[in-house]
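For reference, target_32.csv (CSV, C-alpha atoms):
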```
chain,number,residue,atom,x,y,z
A,1,MET,CA,34.1,163.6,104.9
A,2,ASN,CA,35.1,167.2,105.8
A,3,ILE,CA,38.6,168.2,104.4
A,4,LEU,CA,40.4,171.3,105.5
A,5,PHE,CA,43.3,172.6,103.4
A,6,ALA,CA,45.2,175.1,105.6
A,7,LEU,CA,48.0,176.9,103.8
A,8,ASP,CA,49.6,180.3,103.2
A,9,LYS,CA,48.8,180.6,99.5
A,10,TYR,CA,45.9,179.1,97.6
A,11,SER,CA,44.4,181.8,95.5
A,12,PHE,CA,47.8,183.0,94.2
A,13,LYS,CA,47.5,182.5,90.5
A,14,MET,CA,51.2,182.1,89.4
A,15,GLY,CA,52.8,179.8,92.0
A,16,GLY,CA,53.3,176.2,91.2
A,17,ALA,CA,52.6,175.1,94.8
A,18,SER,CA,49.3,177.0,95.0
A,19,LEU,CA,48.3,175.7,91.5
A,20,SER,CA,48.9,172.1,92.8
A,21,ALA,CA,46.9,172.8,95.9
A,22,ARG,CA,43.9,174.1,93.8
A,23,THR,CA,44.1,171.0,91.6
A,24,VAL,CA,44.1,168.6,94.6
A,25,ALA,CA,41.2,170.5,96.3
A,26,GLN,CA,39.1,170.5,93.1
A,27,TYR,CA,39.8,166.8,92.6
A,28,LEU,CA,38.7,166.0,96.1
A,29,SER,CA,35.6,168.1,95.7
A,30,GLN,CA,34.7,166.3,92.5
A,31,LYS,CA,35.0,163.0,94.4
A,32,GLY,CA,32.4,164.1,96.9
A,33,TYR,CA,34.5,165.4,99.8
A,34,ASN,CA,33.4,168.6,101.5
A,35,VAL,CA,36.5,170.8,101.0
A,36,THR,CA,37.2,174.0,102.9
A,37,ILE,CA,40.3,176.2,102.2
A,38,LEU,CA,41.8,178.4,105.0
A,39,GLU,CA,44.5,180.6,103.6
A,40,THR,CA,46.3,183.8,104.4
A,41,ALA,CA,45.1,186.3,101.9
A,42,ASN,CA,43.3,189.6,101.6
A,43,GLY,CA,39.7,189.6,100.3
A,44,MET,CA,36.3,188.2,101.1
A,45,ASP,CA,35.3,184.6,101.8
A,46,SER,CA,34.0,182.9,98.7
A,47,ILE,CA,32.8,179.6,97.2
A,48,GLU,CA,34.5,178.5,94.0
A,49,ASN,CA,33.6,175.3,92.2
A,50,GLY,CA,31.9,174.0,95.3
A,51,ILE,CA,34.9,174.8,97.6
A,52,LYS,CA,34.5,177.2,100.5
A,53,ILE,CA,37.5,179.6,100.7
A,54,LEU,CA,38.2,181.4,103.9
A,55,ARG,CA,40.7,184.3,103.6
A,56,ARG,CA,42.3,185.6,106.8
A,57,THR,CA,45.2,188.0,107.3
A,58,LEU,CA,48.1,187.6,109.8
A,59,PRO,CA,49.7,190.5,111.7
A,60,HIS,CA,52.7,192.2,110.0
A,61,ARG,CA,55.8,190.7,111.6
A,62,GLY,CA,58.6,192.6,109.9
A,63,HIS,CA,60.7,191.5,106.9
A,64,ASP,CA,63.0,188.8,108.4
A,65,ASN,CA,61.5,185.6,107.1
A,66,THR,CA,63.1,183.5,109.8
A,67,LEU,CA,61.5,185.3,112.7
A,68,LYS,CA,58.3,185.8,110.7
A,69,THR,CA,58.0,182.0,110.3
A,70,ILE,CA,58.1,181.5,114.0
A,71,GLN,CA,55.7,184.3,114.9
A,72,HIS,CA,53.3,183.7,112.1
A,73,ASN,CA,52.9,180.0,113.0
A,74,GLN,CA,52.0,181.1,116.6
A,75,ASP,CA,49.4,183.5,115.1
A,76,TRP,CA,48.2,180.8,112.8
A,77,GLN,CA,47.6,178.4,115.7
A,78,ARG,CA,45.4,181.0,117.4
A,79,LEU,CA,43.5,181.5,114.2
A,80,LEU,CA,42.9,177.8,113.9
A,81,GLU,CA,41.6,177.7,117.4
A,82,ARG,CA,38.9,180.1,116.3
A,83,GLU,CA,38.1,178.6,112.9
A,84,ILE,CA,38.3,174.9,113.4
A,85,PRO,CA,35.2,174.5,115.6
A,86,HIS,CA,33.1,175.9,112.7
A,87,ILE,CA,34.8,173.7,110.0
A,88,LYS,CA,35.0,170.5,112.0
A,89,PRO,CA,37.4,168.7,109.7
A,90,ASP,CA,37.9,165.0,109.6
A,91,TYR,CA,41.3,165.4,107.9
A,92,VAL,CA,43.6,168.4,107.4
A,93,LEU,CA,45.9,169.0,104.5
A,94,THR,CA,48.7,171.6,104.7
A,95,GLN,CA,51.7,173.0,102.9
A,96,GLY,CA,54.0,176.0,102.9
A,97,TYR,CA,55.5,177.8,105.8
A,98,LEU,CA,52.4,177.6,108.0
A,99,LYS,CA,52.5,173.8,108.1
A,100,ILE,CA,54.4,174.1,111.4
A,101,GLY,CA,51.4,175.6,113.2
A,102,THR,CA,48.9,173.5,111.4
A,103,VAL,CA,50.6,170.2,112.3
A,104,GLN,CA,51.1,171.3,115.9
A,105,PHE,CA,47.4,172.2,116.2
A,106,CYS,CA,46.4,168.9,114.6
A,107,LYS,CA,48.6,166.9,116.9
A,108,LYS,CA,47.2,168.7,120.0
A,109,HIS,CA,43.6,168.0,118.9
A,110,HIS,CA,44.2,164.5,117.5
A,111,ILE,CA,43.2,165.4,113.9
A,112,PRO,CA,45.0,163.4,111.1
A,113,VAL,CA,47.1,165.7,108.9
A,114,MET,CA,48.7,165.3,105.5
A,115,THR,CA,51.7,167.5,104.8
A,116,PHE,CA,52.7,168.3,101.2
A,117,MET,CA,56.4,168.9,100.8
A,118,THR,CA,57.2,171.2,97.9
A,119,GLY,CA,60.5,172.8,98.8
A,120,LEU,CA,64.0,172.6,100.4
A,121,GLU,CA,63.7,175.2,103.2
A,122,GLU,CA,63.1,172.4,105.8
A,123,PHE,CA,66.5,170.8,105.4
A,124,HIS,CA,69.5,173.0,105.7
A,125,PRO,CA,70.4,176.5,106.9
A,126,GLU,CA,72.3,177.1,103.7
A,127,PHE,CA,69.0,177.3,101.8
A,128,PHE,CA,68.1,180.4,103.8
A,129,PHE,CA,71.0,182.0,101.9
A,130,LYS,CA,69.8,180.5,98.5
A,131,LYS,CA,72.5,177.9,98.3
A,132,ASP,CA,72.2,174.3,97.3
A,133,PRO,CA,71.9,172.3,100.5
A,134,ASP,CA,73.1,169.2,98.8
A,135,THR,CA,76.5,170.6,97.8
A,136,HIS,CA,77.1,173.4,100.3
A,137,GLN,CA,77.8,172.8,104.0
A,138,PHE,CA,77.2,175.7,106.3
A,139,ASN,CA,80.4,176.7,108.1
A,140,PHE,CA,79.5,178.9,111.1
A,141,TRP,CA,83.0,180.2,111.8
A,142,ASN,CA,83.6,181.3,108.2
A,143,ALA,CA,80.1,182.7,107.7
A,144,LYS,CA,79.2,186.4,107.4
A,145,LEU,CA,78.4,188.1,110.6
A,146,SER,CA,74.8,188.6,109.5
A,147,HIS,CA,74.4,184.9,108.9
A,148,LYS,CA,76.0,184.1,112.3
A,149,LEU,CA,73.5,186.4,114.0
A,150,LYS,CA,70.6,184.6,112.3
A,151,TYR,CA,71.9,181.1,112.8
A,152,HIS,CA,70.2,180.4,116.2
A,153,TRP,CA,66.8,181.3,114.7
A,154,MET,CA,67.4,179.4,111.5
A,155,THR,CA,68.2,176.2,113.4
A,156,LYS,CA,65.1,176.7,115.5
A,157,VAL,CA,63.0,177.0,112.3
A,158,LEU,CA,64.7,174.0,110.8
A,159,HIS,CA,63.8,172.0,114.0
A,160,LEU,CA,60.2,173.2,113.8
A,161,TYR,CA,59.9,172.2,110.2
A,162,GLN,CA,61.3,168.8,110.6
A,163,GLN,CA,59.2,168.2,113.8
A,164,SER,CA,56.2,169.0,111.7
A,165,LEU,CA,57.1,166.3,109.3
A,166,LYS,CA,57.7,163.8,112.0
A,167,ASP,CA,54.3,164.6,113.6
A,168,SER,CA,52.3,164.5,110.3
A,169,THR,CA,50.1,161.5,109.7
A,170,VAL,CA,51.2,161.4,106.1
A,171,VAL,CA,54.0,163.2,104.2
A,172,ILE,CA,53.6,163.7,100.4
A,173,ALA,CA,56.7,164.7,98.4
A,174,ASN,CA,56.4,166.4,95.0
A,175,SER,CA,59.3,164.4,93.5
A,176,HIS,CA,61.6,161.4,94.3
A,177,PHE,CA,64.3,164.0,94.9
A,178,ILE,CA,62.3,165.6,97.8
A,179,LYS,CA,61.3,162.1,99.0
A,180,ASN,CA,65.1,161.3,99.3
A,181,MET,CA,65.8,164.6,101.0
A,182,CYS,CA,63.1,163.8,103.6
A,183,LYS,CA,64.7,160.4,104.3
A,184,LYS,CA,68.3,161.7,104.2
A,185,ASN,CA,67.8,164.8,106.4
A,186,ALA,CA,64.9,164.0,108.7
A,187,ASP,CA,64.5,160.2,108.5
A,188,ILE,CA,61.0,160.7,107.2
A,189,HIS,CA,59.2,158.4,104.8
A,190,ALA,CA,57.2,160.3,102.1
A,191,ASP,CA,55.0,159.1,99.3
A,192,VAL,CA,55.5,160.8,95.9
A,193,LEU,CA,52.7,162.7,94.3
A,194,TYR,CA,53.9,164.6,91.2
A,195,PRO,CA,52.4,168.1,91.0
A,196,PRO,CA,49.1,167.9,89.0
A,197,ILE,CA,49.4,169.7,85.6
A,198,ASN,CA,46.2,170.6,83.8
A,199,PHE,CA,46.4,171.7,80.2
A,200,ASN,CA,43.5,171.2,77.8
A,201,ILE,CA,45.5,169.3,75.3
A,202,ASN,CA,45.5,165.7,74.1
A,203,LEU,CA,48.6,164.0,75.5
A,204,ASN,CA,48.5,161.4,72.6
A,205,GLN,CA,48.6,164.2,70.0
A,206,LYS,CA,51.6,166.4,70.7
A,207,LYS,CA,52.1,169.8,69.2
A,208,LYS,CA,54.2,169.7,66.0
A,209,THR,CA,56.9,172.0,67.4
A,210,LEU,CA,59.7,173.2,65.1
A,211,ASN,CA,63.3,173.8,66.0
A,212,THR,CA,63.1,177.3,64.6
A,213,GLY,CA,61.2,179.0,67.5
A,214,PRO,CA,62.8,180.8,70.4
A,215,VAL,CA,64.2,179.0,73.5
A,216,VAL,CA,62.0,180.0,76.5
A,217,PHE,CA,63.2,181.0,80.0
A,218,VAL,CA,60.4,181.1,82.6
A,219,LYS,CA,60.5,183.3,85.7
A,220,PRO,CA,63.6,185.5,85.4
A,221,GLN,CA,64.5,185.4,89.1
A,222,LYS,CA,67.9,185.3,90.8
A,223,ILE,CA,67.5,181.8,92.2
A,224,LYS,CA,66.1,180.7,88.8
A,225,GLY,CA,69.4,181.7,87.3
A,226,VAL,CA,68.6,185.0,85.5
A,227,GLU,CA,72.1,186.3,85.7
A,228,LYS,CA,73.5,183.0,84.4
A,229,PHE,CA,70.9,183.2,81.6
A,230,TYR,CA,72.1,186.7,80.7
A,231,GLN,CA,75.7,185.4,80.3
A,232,ILE,CA,74.4,182.5,78.2
A,233,ALA,CA,72.4,184.8,75.9
A,234,LYS,CA,75.1,187.4,75.6
A,235,PHE,CA,77.7,184.8,74.7
A,236,ASN,CA,75.4,183.0,72.2
A,237,GLN,CA,73.7,185.8,70.2
A,238,ASP,CA,72.9,183.6,67.3
A,239,ILE,CA,70.3,181.8,69.5
A,240,GLU,CA,66.9,183.5,70.0
A,241,PHE,CA,65.4,183.6,73.5
A,242,LEU,CA,62.0,184.4,74.9
A,243,VAL,CA,61.9,185.4,78.6
A,244,VAL,CA,58.5,185.1,80.4
A,245,GLY,CA,57.7,186.6,83.7
A,246,LYS,CA,58.4,189.6,86.0
A,247,ALA,CA,62.0,190.6,86.4
A,248,ARG,CA,63.7,193.2,88.6
A,249,SER,CA,64.5,196.4,86.8
A,250,ARG,CA,68.2,195.7,86.9
A,251,HIS,CA,67.8,192.3,85.3
A,252,LYS,CA,65.2,193.6,82.8
A,253,LYS,CA,67.7,196.3,81.7
A,254,MET,CA,70.4,193.7,81.2
A,255,MET,CA,68.2,191.5,79.1
A,256,LYS,CA,66.8,194.4,77.0
A,257,SER,CA,70.3,195.2,76.0
A,258,LEU,CA,70.6,192.0,74.0
A,259,SER,CA,69.1,191.9,70.6
A,260,ASN,CA,68.5,188.1,70.7
A,261,VAL,CA,66.3,188.3,73.9
A,262,THR,CA,62.5,189.2,73.8
A,263,LEU,CA,60.7,189.9,77.1
A,264,HIS,CA,57.1,188.8,77.7
A,265,PRO,CA,55.1,189.7,80.8
A,266,GLU,CA,53.9,187.2,83.4
A,267,THR,CA,51.0,185.3,82.0
A,268,GLU,CA,48.6,182.4,82.8
A,269,ASP,CA,48.4,181.5,79.1
A,270,MET,CA,51.5,179.3,79.0
A,271,VAL,CA,49.9,177.2,76.2
A,272,SER,CA,50.4,180.0,73.7
A,273,ILE,CA,54.0,180.4,75.0
A,274,TYR,CA,55.0,176.8,74.6
A,275,SER,CA,53.3,176.5,71.3
A,276,ARG,CA,55.6,179.1,69.7
A,277,CYS,CA,58.9,177.9,71.2
A,278,SER,CA,61.4,175.2,70.3
A,279,ALA,CA,63.0,174.4,73.7
A,280,ILE,CA,63.2,175.5,77.3
A,281,ILE,CA,66.2,176.5,79.3
A,282,GLY,CA,66.7,176.1,83.1
A,283,PRO,CA,69.9,177.6,84.6
A,284,ALA,CA,68.6,177.5,88.2
A,285,LEU,CA,71.2,178.2,90.9
A,286,ILE,CA,69.6,175.8,93.5
A,287,PRO,CA,67.8,172.5,93.0
A,288,GLU,CA,64.3,172.8,91.8
A,289,PRO,CA,62.2,170.5,94.0
A,290,PHE,CA,60.4,169.2,90.9
A,291,GLY,CA,60.6,171.5,87.8
A,292,ARG,CA,57.0,171.8,86.7
A,293,VAL,CA,57.8,174.0,83.7
A,294,PHE,CA,59.9,171.3,82.1
A,295,VAL,CA,57.0,168.9,82.2
A,296,GLU,CA,54.6,171.5,80.9
A,297,ALA,CA,56.9,172.3,78.1
A,298,GLY,CA,57.4,168.5,77.5
A,299,MET,CA,53.7,168.2,76.9
A,300,PHE,CA,54.3,170.3,73.8
A,301,GLY,CA,57.4,168.3,72.9
A,302,LEU,CA,59.8,171.1,74.0
A,303,PRO,CA,63.2,169.6,75.0
A,304,ALA,CA,65.0,171.1,78.0
A,305,ILE,CA,68.6,172.4,78.5
A,306,ALA,CA,69.0,172.7,82.2
A,307,HIS,CA,71.2,172.2,85.3
A,308,LYS,CA,71.6,168.5,86.3
A,309,THR,CA,70.3,169.0,89.9
A,310,GLY,CA,67.3,168.3,92.1
A,311,GLY,CA,63.9,167.3,90.7
A,312,ILE,CA,64.9,168.7,87.3
A,313,ILE,CA,66.6,165.3,86.6
A,314,GLU,CA,63.1,163.7,86.9
A,315,SER,CA,61.1,166.3,85.1
A,316,VAL,CA,63.4,166.4,82.1
A,317,GLY,CA,64.3,162.7,81.9
A,318,GLN,CA,65.8,161.9,78.5
A,319,GLY,CA,64.0,164.8,76.9
A,320,GLY,CA,66.9,167.2,76.8
A,321,GLU,CA,70.5,168.0,77.9
A,322,LEU,CA,71.5,168.3,81.6
A,323,LEU,CA,74.6,170.3,82.5
A,324,PRO,CA,76.6,170.5,85.7
A,325,ILE,CA,76.3,173.6,87.7
A,326,GLY,CA,79.1,176.0,86.8
A,327,SER,CA,79.1,175.1,83.1
A,328,SER,CA,80.4,177.8,80.9
A,329,PRO,CA,78.1,179.9,78.6
A,330,GLN,CA,80.0,178.4,75.7
A,331,LEU,CA,79.0,174.8,76.8
A,332,TRP,CA,75.4,176.0,77.3
A,333,GLY,CA,75.5,177.3,73.7
A,334,GLU,CA,76.9,174.0,72.4
A,335,ARG,CA,74.2,172.0,74.1
A,336,ILE,CA,71.4,174.2,73.0
A,337,ARG,CA,72.6,174.0,69.3
A,338,LYS,CA,72.9,170.2,69.7
A,339,VAL,CA,69.3,170.0,70.8
A,340,LEU,CA,68.0,172.3,68.1
A,341,SER,CA,70.0,170.8,65.3
A,342,ASP,CA,68.1,169.2,62.4
A,343,LYS,CA,69.9,165.9,63.1
A,344,SER,CA,69.0,165.7,66.8
A,345,TYR,CA,65.8,167.7,67.4
A,346,ASP,CA,63.2,165.1,66.5
A,347,HIS,CA,64.8,162.7,69.0
A,348,TYR,CA,64.7,165.2,71.8
A,349,HIS,CA,61.3,166.4,70.8
A,350,GLN,CA,59.9,162.8,71.0
A,351,ALA,CA,61.7,162.1,74.3
A,352,ALA,CA,60.4,165.3,76.0
A,353,HIS,CA,56.9,164.4,75.1
A,354,HIS,CA,57.3,160.8,76.2
A,355,ASN,CA,58.7,161.9,79.6
A,356,ALA,CA,55.8,164.3,80.1
A,357,GLN,CA,53.3,161.6,79.3
A,358,HIS,CA,55.0,159.2,81.8
A,359,ILE,CA,55.0,161.8,84.7
A,360,LEU,CA,51.4,162.8,84.1
A,361,ARG,CA,50.2,159.3,84.1
A,362,GLN,CA,52.1,158.6,87.3
A,363,CYS,CA,50.4,161.7,88.7
A,364,GLU,CA,46.9,160.3,87.8
A,365,ASN,CA,47.7,157.0,89.5
A,366,SER,CA,49.0,158.9,92.6
A,367,PHE,CA,45.6,160.4,93.1
A,368,ASP,CA,44.3,156.9,93.9
A,369,LYS,CA,47.0,156.7,96.6
A,370,LEU,CA,45.9,160.1,98.0
A,371,LEU,CA,42.3,158.8,98.4
A,372,GLU,CA,43.6,155.7,100.1
A,373,HIS,CA,45.3,157.8,102.8
A,374,LEU,CA,42.2,159.8,103.4
A,375,ASN,CA,40.0,156.8,103.7
```
Please lay out the structure from this file as structure tokens.
Amino acid sequence: MNILFALDKYSFKMGGASLSARTVAQYLSQKGYNVTILETANGMDSIENGIKILRRTLPHRGHDNTLKTIQHNQDWQRLLEREIPHIKPDYVLTQGYLKIGTVQFCKKHHIPVMTFMTGLEEFHPEFFFKKDPDTHQFNFWNAKLSHKLKYHWMTKVLHLYQQSLKDSTVVIANSHFIKNMCKKNADIHADVLYPPINFNINLNQKKKTLNTGPVVFVKPQKIKGVEKFYQIAKFNQDIEFLVVGKARSRHKKMMKSLSNVTLHPETEDMVSIYSRCSAIIGPALIPEPFGRVFVEAGMFGLPAIAHKTGGIIESVGQGGELLPIGSSPQLWGERIRKVLSDKSYDHYHQAAHHNAQHILRQCENSFDKLLEHLN
């Protein structure tokens, strides 16, 4: 069977969605499927692990993501018209912002298509402004003028996204949270396939993590809560933190001013990071669709201290402390100390590892369901 995976990012090394796509593609290839990737990227076509990767660029369409989404999906359909006759797929997989054009093309040509849902941008205009669509309702009359001017195009994009879900043969959600959002906001049934996580470790022999290492914060971005993290670290200078990933110069300067914060550049070697840390912190401002880093960290027995929202609730489980959004830096410090205390740490350590085992084994079972859909 010929499988085409059409998406905007596949070769991108640091993104969770692209990492999941690569794992799915490699799994299908190992099962004997003829897998081709069509992605938007610079560079030459290549063959990696038996998978043919076609890299194509789309025209520059300005910096407004709303209009770019509409225009690029029109460009993408024209590109598919050129490429599909050579690929001849029996089934198409898609994710990311180009799923609109991919599903429209597949519907027109009667090709079954599976859509992977990995985000919240399909559900509410507030998400365009990086606000939690579950707790914030968009009020047009009280909105900023710039938001009012974009509102027509945002609602158009929301309609296109949700229509692509309705027209998909199968919808796959990366968490029960996203599955519920699909049902609540678009009346779409989705099956859950947790994001595949591949680390070369024995799940039954967890790392002997100590509660004396730093607390790690991954991806110091605004929506990941970097400014909230700064407040927490500043207020609790007796706690050592390690920040991993690229940060804006302003945020980097803020964090460098704190003696209890160490910065580490973006890295693919997260095994060495988790091996030296005691816990992980997640003060994200919006719901994580899943929360891959908490499961990764849990594989090493790292408990989490994070916001109680979105897919984080699933990815952390009982392996940590979850706080309401808006919690004070003082409360964050109290919960971190509770987790790291000699009295509590072993309990959280064991629970974090158990939760990671549970999710990864569910993921392995989900691959069987994926094959059922394709066959």
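Taking atom CA of A:Met44 and atom CA of A:Gly245 as the two end points, the separation is 27.6 Å.
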So which residues touch A:Lys222 within 10 Å, counting only C-alpha atoms, skipping near sequence neighbours fewer than 5 positions away, as an mmCIF file with C-alpha atoms, in the frame of the given file?
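Now in out.cif:
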```cif
data_model
loop_
_atom_site.group_PDB
_atom_site.id
_atom_site.type_symbol
_atom_site.label_atom_id
_atom_site.label_comp_id
_atom_site.auth_asym_id
_atom_site.auth_seq_id
_atom_site.Cartn_x
_atom_site.Cartn_y
_atom_site.Cartn_z
ATOM 1 C CA LYS A 130 69.800 180.500 98.500
ATOM 2 C CA GLU A 227 72.100 186.300 85.700
ATOM 3 C CA LYS A 228 73.500 183.000 84.400
ATOM 4 C CA PHE A 229 70.900 183.200 81.600
ATOM 5 C CA ALA A 247 62.000 190.600 86.400
ATOM 6 C CA ARG A 248 63.700 193.200 88.600
ATOM 7 C CA HIS A 251 67.800 192.300 85.300
ATOM 8 C CA ALA A 284 68.600 177.500 88.200
ATOM 9 C CA LEU A 285 71.200 178.200 90.900
#
```
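Atom CA of A:Thr94 is positioned 20.9 Å from atom CA of A:His124.
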(request) Might you pull out every residue within 10 Å of A:Ile280, with all atoms listed in the file counted and same-chain residues fewer than 2 positions away left off, and present them as number ranges by chain? (result) A: 214-218, 241-242, 274, 277-278, 282, 293-294, 297-298, 302-306, 320, 336
Please identify all polymer residues within 9 Å of stretch 70-84 of chain A, counting all atoms listed in the file, omitting same-chain residues fewer than 2 positions from it, and present them as a PDB file with C-alpha atoms, in the frame of the given file.
```pdb
ATOM      1  CA  LEU A   4      40.400 171.300 105.500  1.00  0.00           C
ATOM      2  CA  LEU A  38      41.800 178.400 105.000  1.00  0.00           C
ATOM      3  CA  ARG A  56      42.300 185.600 106.800  1.00  0.00           C
ATOM      4  CA  LEU A  58      48.100 187.600 109.800  1.00  0.00           C
ATOM      5  CA  PRO A  59      49.700 190.500 111.700  1.00  0.00           C
ATOM      6  CA  HIS A  60      52.700 192.200 110.000  1.00  0.00           C
ATOM      7  CA  ARG A  61      55.800 190.700 111.600  1.00  0.00           C
ATOM      8  CA  ASN A  65      61.500 185.600 107.100  1.00  0.00           C
ATOM      9  CA  THR A  66      63.100 183.500 109.800  1.00  0.00           C
ATOM     10  CA  LEU A  67      61.500 185.300 112.700  1.00  0.00           C
ATOM     11  CA  LYS A  68      58.300 185.800 110.700  1.00  0.00           C
ATOM     12  CA  HIS A  86      33.100 175.900 112.700  1.00  0.00           C
ATOM     13  CA  ILE A  87      34.800 173.700 110.000  1.00  0.00           C
ATOM     14  CA  LYS A  88      35.000 170.500 112.000  1.00  0.00           C
ATOM     15  CA  PRO A  89      37.400 168.700 109.700  1.00  0.00           C
ATOM     16  CA  TYR A  97      55.500 177.800 105.800  1.00  0.00           C
ATOM     17  CA  LEU A  98      52.400 177.600 108.000  1.00  0.00           C
ATOM     18  CA  LYS A  99      52.500 173.800 108.100  1.00  0.00           C
ATOM     19  CA  ILE A 100      54.400 174.100 111.400  1.00  0.00           C
ATOM     20  CA  GLY A 101      51.400 175.600 113.200  1.00  0.00           C
ATOM     21  CA  THR A 102      48.900 173.500 111.400  1.00  0.00           C
ATOM     22  CA  GLN A 104      51.100 171.300 115.900  1.00  0.00           C
ATOM     23  CA  PHE A 105      47.400 172.200 116.200  1.00  0.00           C
ATOM     24  CA  TRP A 153      66.800 181.300 114.700  1.00  0.00           C
ATOM     25  CA  LYS A 156      65.100 176.700 115.500  1.00  0.00           C
ATOM     26  CA  VAL A 157      63.000 177.000 112.300  1.00  0.00           C
ATOM     27  CA  LEU A 160      60.200 173.200 113.800  1.00  0.00           C
TER      28      LEU A 160
END
```
(message) What's around A:Asp90 at 7 Å? Count all atoms listed in the file, leave out sequence neighbours fewer than 3 positions away in its own chain, and write the answer as number ranges by chain.
(response) A: 1-3, 111
(request) Identify which of the residues A:Lys150, A:Lys252, A:Leu28, A:Asp167 lies closest to A:Pro112, counting only C-alpha atoms when measuring atom-to-atom distances. (result) A:Asp167
(message) I need the residue nearest A:Val92 from this list: A:Thr115, A:Thr155, A:Ser164, A:Gln26. Use all atoms listed in the file for the distance.
(response)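 Using all atoms listed in the file, the shortest distance to A:Val92 belongs to A:Thr115.
Residue nearest A:Pro196 within the list A:Asn142, A:Gly333, A:Asn42, A:Phe290: A:Phe290 [criterion: smallest interatomic distance, all atoms listed in the file].
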(request) Find the residues around A:Ile239 up to 10 Å (all atoms listed in the file counted), leave out those fewer than 4 positions away in its own chain, and share them as JSON, numbers by chain. (result) {"A": [212, 213, 214, 215, 232, 233, 234, 235, 260, 261, 333, 336, 337, 340]}
(message) Using only C-alpha atoms for the distances, tell me which of A:Ala17, A:Ile53, A:Met117, A:Leu370 is nearest to A:Asn34.
(response)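 Going through A:Ala17, A:Ile53, A:Met117, A:Leu370 one by one, the smallest distance to A:Asn34 is for A:Ile53.
Atom CA of A:Pro195 to atom CA of A:Arg292 spans 7.3 Å [interatomic distance, one decimal].
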For stretch 150-161 of chain A, I'd like the enclosing box, axis-aligned and padded by 6 Å on every side, reported as AutoDock Vina command-line options with centre and edge lengths in Å to one decimal.
```
--center_x 65.9 --center_y 178.3 --center_z 113.2 --size_x 24.0 --size_y 24.6 --size_z 18.0
```
(message) Given only C-alpha atoms as the basis, pick out the residue of A:Val295, A:Asn375, A:Pro287, A:Asn236 nearest to A:Glu334.
(response) A:Asn236
(message) Here is a test: counting only C-alpha atoms, which residue of A:Trp141, A:His159, A:Thr36, A:Lys13 is nearest to A:Asp269?
(response) A:Lys13
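Close to (34.3, 178.4, 96.0), meaning no more than 12 Å away when counting all atoms listed in the file, sit the residues Tyr10, Ser11, Arg22, Ala25, Gln26, Ser29, Asn34, Val35, Thr36, Ile37, Leu38, Met44, Asp45, Ser46, Ile47, Glu48, Asn49, Gly50, Ile51, Lys52, Ile53, Leu54 and Arg55 of chain A.
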